[in-house]
Amino acid sequence: MSASPALSDLSRLYQTEFVRSARAVGVLWAVCSLCFAIIQVVILVQPSWIGTADIRPPQPSGTLGLFEVCLESDWPVPDCRGGLSSLSPLPSFQSVAVLVGVSLWAVWTSVLCLCLFRFCSAATVYKICAWLQLTAAGFCLALACLLFPDSWESPEMRALCGDSVGSFSPGNCSVHWAYILAILGVLDYTILATLAFVLANRQDALLPPDSQDVTTGLLMTA
């Protein structure tokens, strides 16, 4: 028995609303991926992973990142040593910088993969982006966040934070916003990857009924 016109119209209305909602979620996921790809660049280059907390007169005050150490001076601009222009991270944080760089490459690759929506199925694109965000980006950034405190026994850290500094013990320093942002990034990548997997698995349900009937007919005649 065929469905009544009222039920058919209601089903089509629900299908249309579902497609619109899914597309809106997909756009939101793409925008969030792009935004955090930009934030990832800030995390890599900013010398604000750690900084002085308790300032004592002989002890300098400043901040430290993966590529440079910045000390407060009489000038408005701090005195920074090192920099991203040399593409040479601080010796103690080379492995952390490489991991953050791989994570940066992975998340920007996932953003560039959005162009594949014109050439591949949406489910395939979502799955590619999800695996990039979960494994390469999320895992590498999480490992970098774990290795960073373990590398605090370094000459740069001792000069900035005192002799009491050690692995997972910042001495007279405390973590700053760039490191906190990196930790939040791990959670963000997990959420984005999970959402991408959900969107990929729901792509078949996004097809309108007419398209599903045509696809079924083609499969039966093949």
# chains A, B, ... in the order shown; residues from 1 in each chain; ligands from 1
>>> residues_around(residues="Gly65 in chain A", least_positions_apart="2", cutoff="10 Å", atoms="only C-alpha atoms", output="PDB file with C-alpha atoms, in the first residue's frame")
ATOM      1  CA  ILE A  43      50.205  28.389  19.757  1.00  0.00           C
ATOM      2  CA  LEU A  44      53.357  27.501  17.824  1.00  0.00           C
ATOM      3  CA  VAL A  45      54.888  30.958  17.463  1.00  0.00           C
ATOM      4  CA  GLN A  46      53.914  32.725  20.696  1.00  0.00           C
ATOM      5  CA  PRO A  47      56.570  32.821  23.480  1.00  0.00           C
ATOM      6  CA  SER A  48      53.905  32.495  26.159  1.00  0.00           C
ATOM      7  CA  TRP A  49      53.990  28.827  27.084  1.00  0.00           C
ATOM      8  CA  ILE A  50      55.448  29.595  30.493  1.00  0.00           C
ATOM      9  CA  GLY A  51      56.406  32.732  32.410  1.00  0.00           C
ATOM     10  CA  THR A  63      58.104  34.460  29.253  1.00  0.00           C
ATOM     11  CA  PHE A  67      61.323  29.229  19.774  1.00  0.00           C
ATOM     12  CA  GLU A  68      62.329  32.170  21.943  1.00  0.00           C
ATOM     13  CA  VAL A  69      62.788  33.561  25.448  1.00  0.00           C
ATOM     14  CA  CYS A  70      61.555  37.079  26.148  1.00  0.00           C
ATOM     15  CA  GLY A  82      65.661  33.347  19.289  1.00  0.00           C
ATOM     16  CA  GLY A  83      62.673  33.459  17.003  1.00  0.00           C
ATOM     17  CA  PRO A  89      63.429  25.925  18.273  1.00  0.00           C
ATOM     18  CA  LEU A  90      65.096  26.046  21.664  1.00  0.00           C
ATOM     19  CA  PHE A  93      61.955  21.899  23.127  1.00  0.00           C
ATOM     20  CA  ALA A  97      58.102  22.016  18.419  1.00  0.00           C
ATOM     21  CA  HIS A 176      50.786  30.751  30.508  1.00  0.00           C
ATOM     22  CA  ALA A 178      49.646  29.432  25.007  1.00  0.00           C
ATOM     23  CA  TYR A 179      50.225  26.149  26.841  1.00  0.00           C
TER      24      TYR A 179
END
>>> residues_around(residues="range 124-127 of chain A", least_positions_apart="6", cutoff="8 Å", atoms="only C-alpha atoms", output="PyMOL selection string")
chain A and resi 113-114+116-117+196-197+199-200
>>> closest_residue(among="A:Thr190, A:Leu160, A:Ala122, A:Cys140", to="Val98 in chain A", atoms="only C-alpha atoms")
A:Cys140
>>> closest_residue(among="A:Val96, A:Cys145, A:Ala53, A:Ala106", to="Leu181 in chain A", atoms="only C-alpha atoms")
A:Cys145
>>> select_by_dssp(residues="range 73-220 of chain A", states="strand (DSSP E or B)", output="PyMOL selection string")
chain A and resi 79-82+166+169+173-175
>>> closest_residue(among="A:Val42, A:Arg118, A:Glu156, A:Ser103", to="Leu134 in chain A", atoms="only C-alpha atoms")
A:Ser103
>>> select_by_dssp(residues="range 43-136 of chain A", states="helix (DSSP H, G or I)", output="PyMOL selection string")
chain A and resi 43-45+84-86+91-118+122-136
>>> decode(residues="range 179-192 of chain A", atoms="N, CA and C atoms", output="PDB file, in the first residue's frame")
ATOM      1  N   TYR A 179      50.220  27.566  26.446  1.00  0.00           N
ATOM      2  CA  TYR A 179      50.225  26.149  26.841  1.00  0.00           C
ATOM      3  C   TYR A 179      48.817  25.691  27.221  1.00  0.00           C
ATOM      4  N   ILE A 180      48.078  26.538  27.917  1.00  0.00           N
ATOM      5  CA  ILE A 180      46.689  26.203  28.259  1.00  0.00           C
ATOM      6  C   ILE A 180      45.847  26.063  26.999  1.00  0.00           C
ATOM      7  N   LEU A 181      46.093  26.943  26.034  1.00  0.00           N
ATOM      8  CA  LEU A 181      45.364  26.865  24.764  1.00  0.00           C
ATOM      9  C   LEU A 181      45.697  25.585  24.013  1.00  0.00           C
ATOM     10  N   ALA A 182      46.939  25.130  24.106  1.00  0.00           N
ATOM     11  CA  ALA A 182      47.320  23.873  23.468  1.00  0.00           C
ATOM     12  C   ALA A 182      46.605  22.684  24.115  1.00  0.00           C
ATOM     13  N   ILE A 183      46.479  22.710  25.437  1.00  0.00           N
ATOM     14  CA  ILE A 183      45.761  21.635  26.126  1.00  0.00           C
ATOM     15  C   ILE A 183      44.288  21.631  25.720  1.00  0.00           C
ATOM     16  N   LEU A 184      43.694  22.818  25.662  1.00  0.00           N
ATOM     17  CA  LEU A 184      42.298  22.904  25.210  1.00  0.00           C
ATOM     18  C   LEU A 184      42.158  22.462  23.757  1.00  0.00           C
ATOM     19  N   GLY A 185      43.226  22.641  22.977  1.00  0.00           N
ATOM     20  CA  GLY A 185      43.191  22.213  21.590  1.00  0.00           C
ATOM     21  C   GLY A 185      43.030  20.715  21.439  1.00  0.00           C
ATOM     22  N   VAL A 186      43.605  19.948  22.356  1.00  0.00           N
ATOM     23  CA  VAL A 186      43.444  18.489  22.314  1.00  0.00           C
ATOM     24  C   VAL A 186      41.976  18.120  22.458  1.00  0.00           C
ATOM     25  N   LEU A 187      41.302  18.761  23.402  1.00  0.00           N
ATOM     26  CA  LEU A 187      39.865  18.521  23.578  1.00  0.00           C
ATOM     27  C   LEU A 187      39.089  18.985  22.354  1.00  0.00           C
ATOM     28  N   ASP A 188      39.488  20.111  21.786  1.00  0.00           N
ATOM     29  CA  ASP A 188      38.799  20.638  20.608  1.00  0.00           C
ATOM     30  C   ASP A 188      38.937  19.686  19.424  1.00  0.00           C
ATOM     31  N   TYR A 189      40.143  19.152  19.205  1.00  0.00           N
ATOM     32  CA  TYR A 189      40.343  18.208  18.106  1.00  0.00           C
ATOM     33  C   TYR A 189      39.513  16.943  18.302  1.00  0.00           C
ATOM     34  N   THR A 190      39.412  16.481  19.541  1.00  0.00           N
ATOM     35  CA  THR A 190      38.600  15.294  19.813  1.00  0.00           C
ATOM     36  C   THR A 190      37.139  15.532  19.476  1.00  0.00           C
ATOM     37  N   ILE A 191      36.621  16.699  19.861  1.00  0.00           N
ATOM     38  CA  ILE A 191      35.222  17.035  19.578  1.00  0.00           C
ATOM     39  C   ILE A 191      34.999  17.176  18.074  1.00  0.00           C
ATOM     40  N   LEU A 192      35.910  17.872  17.385  1.00  0.00           N
ATOM     41  CA  LEU A 192      35.757  18.069  15.940  1.00  0.00           C
ATOM     42  C   LEU A 192      35.829  16.749  15.188  1.00  0.00           C
TER      43      LEU A 192
END
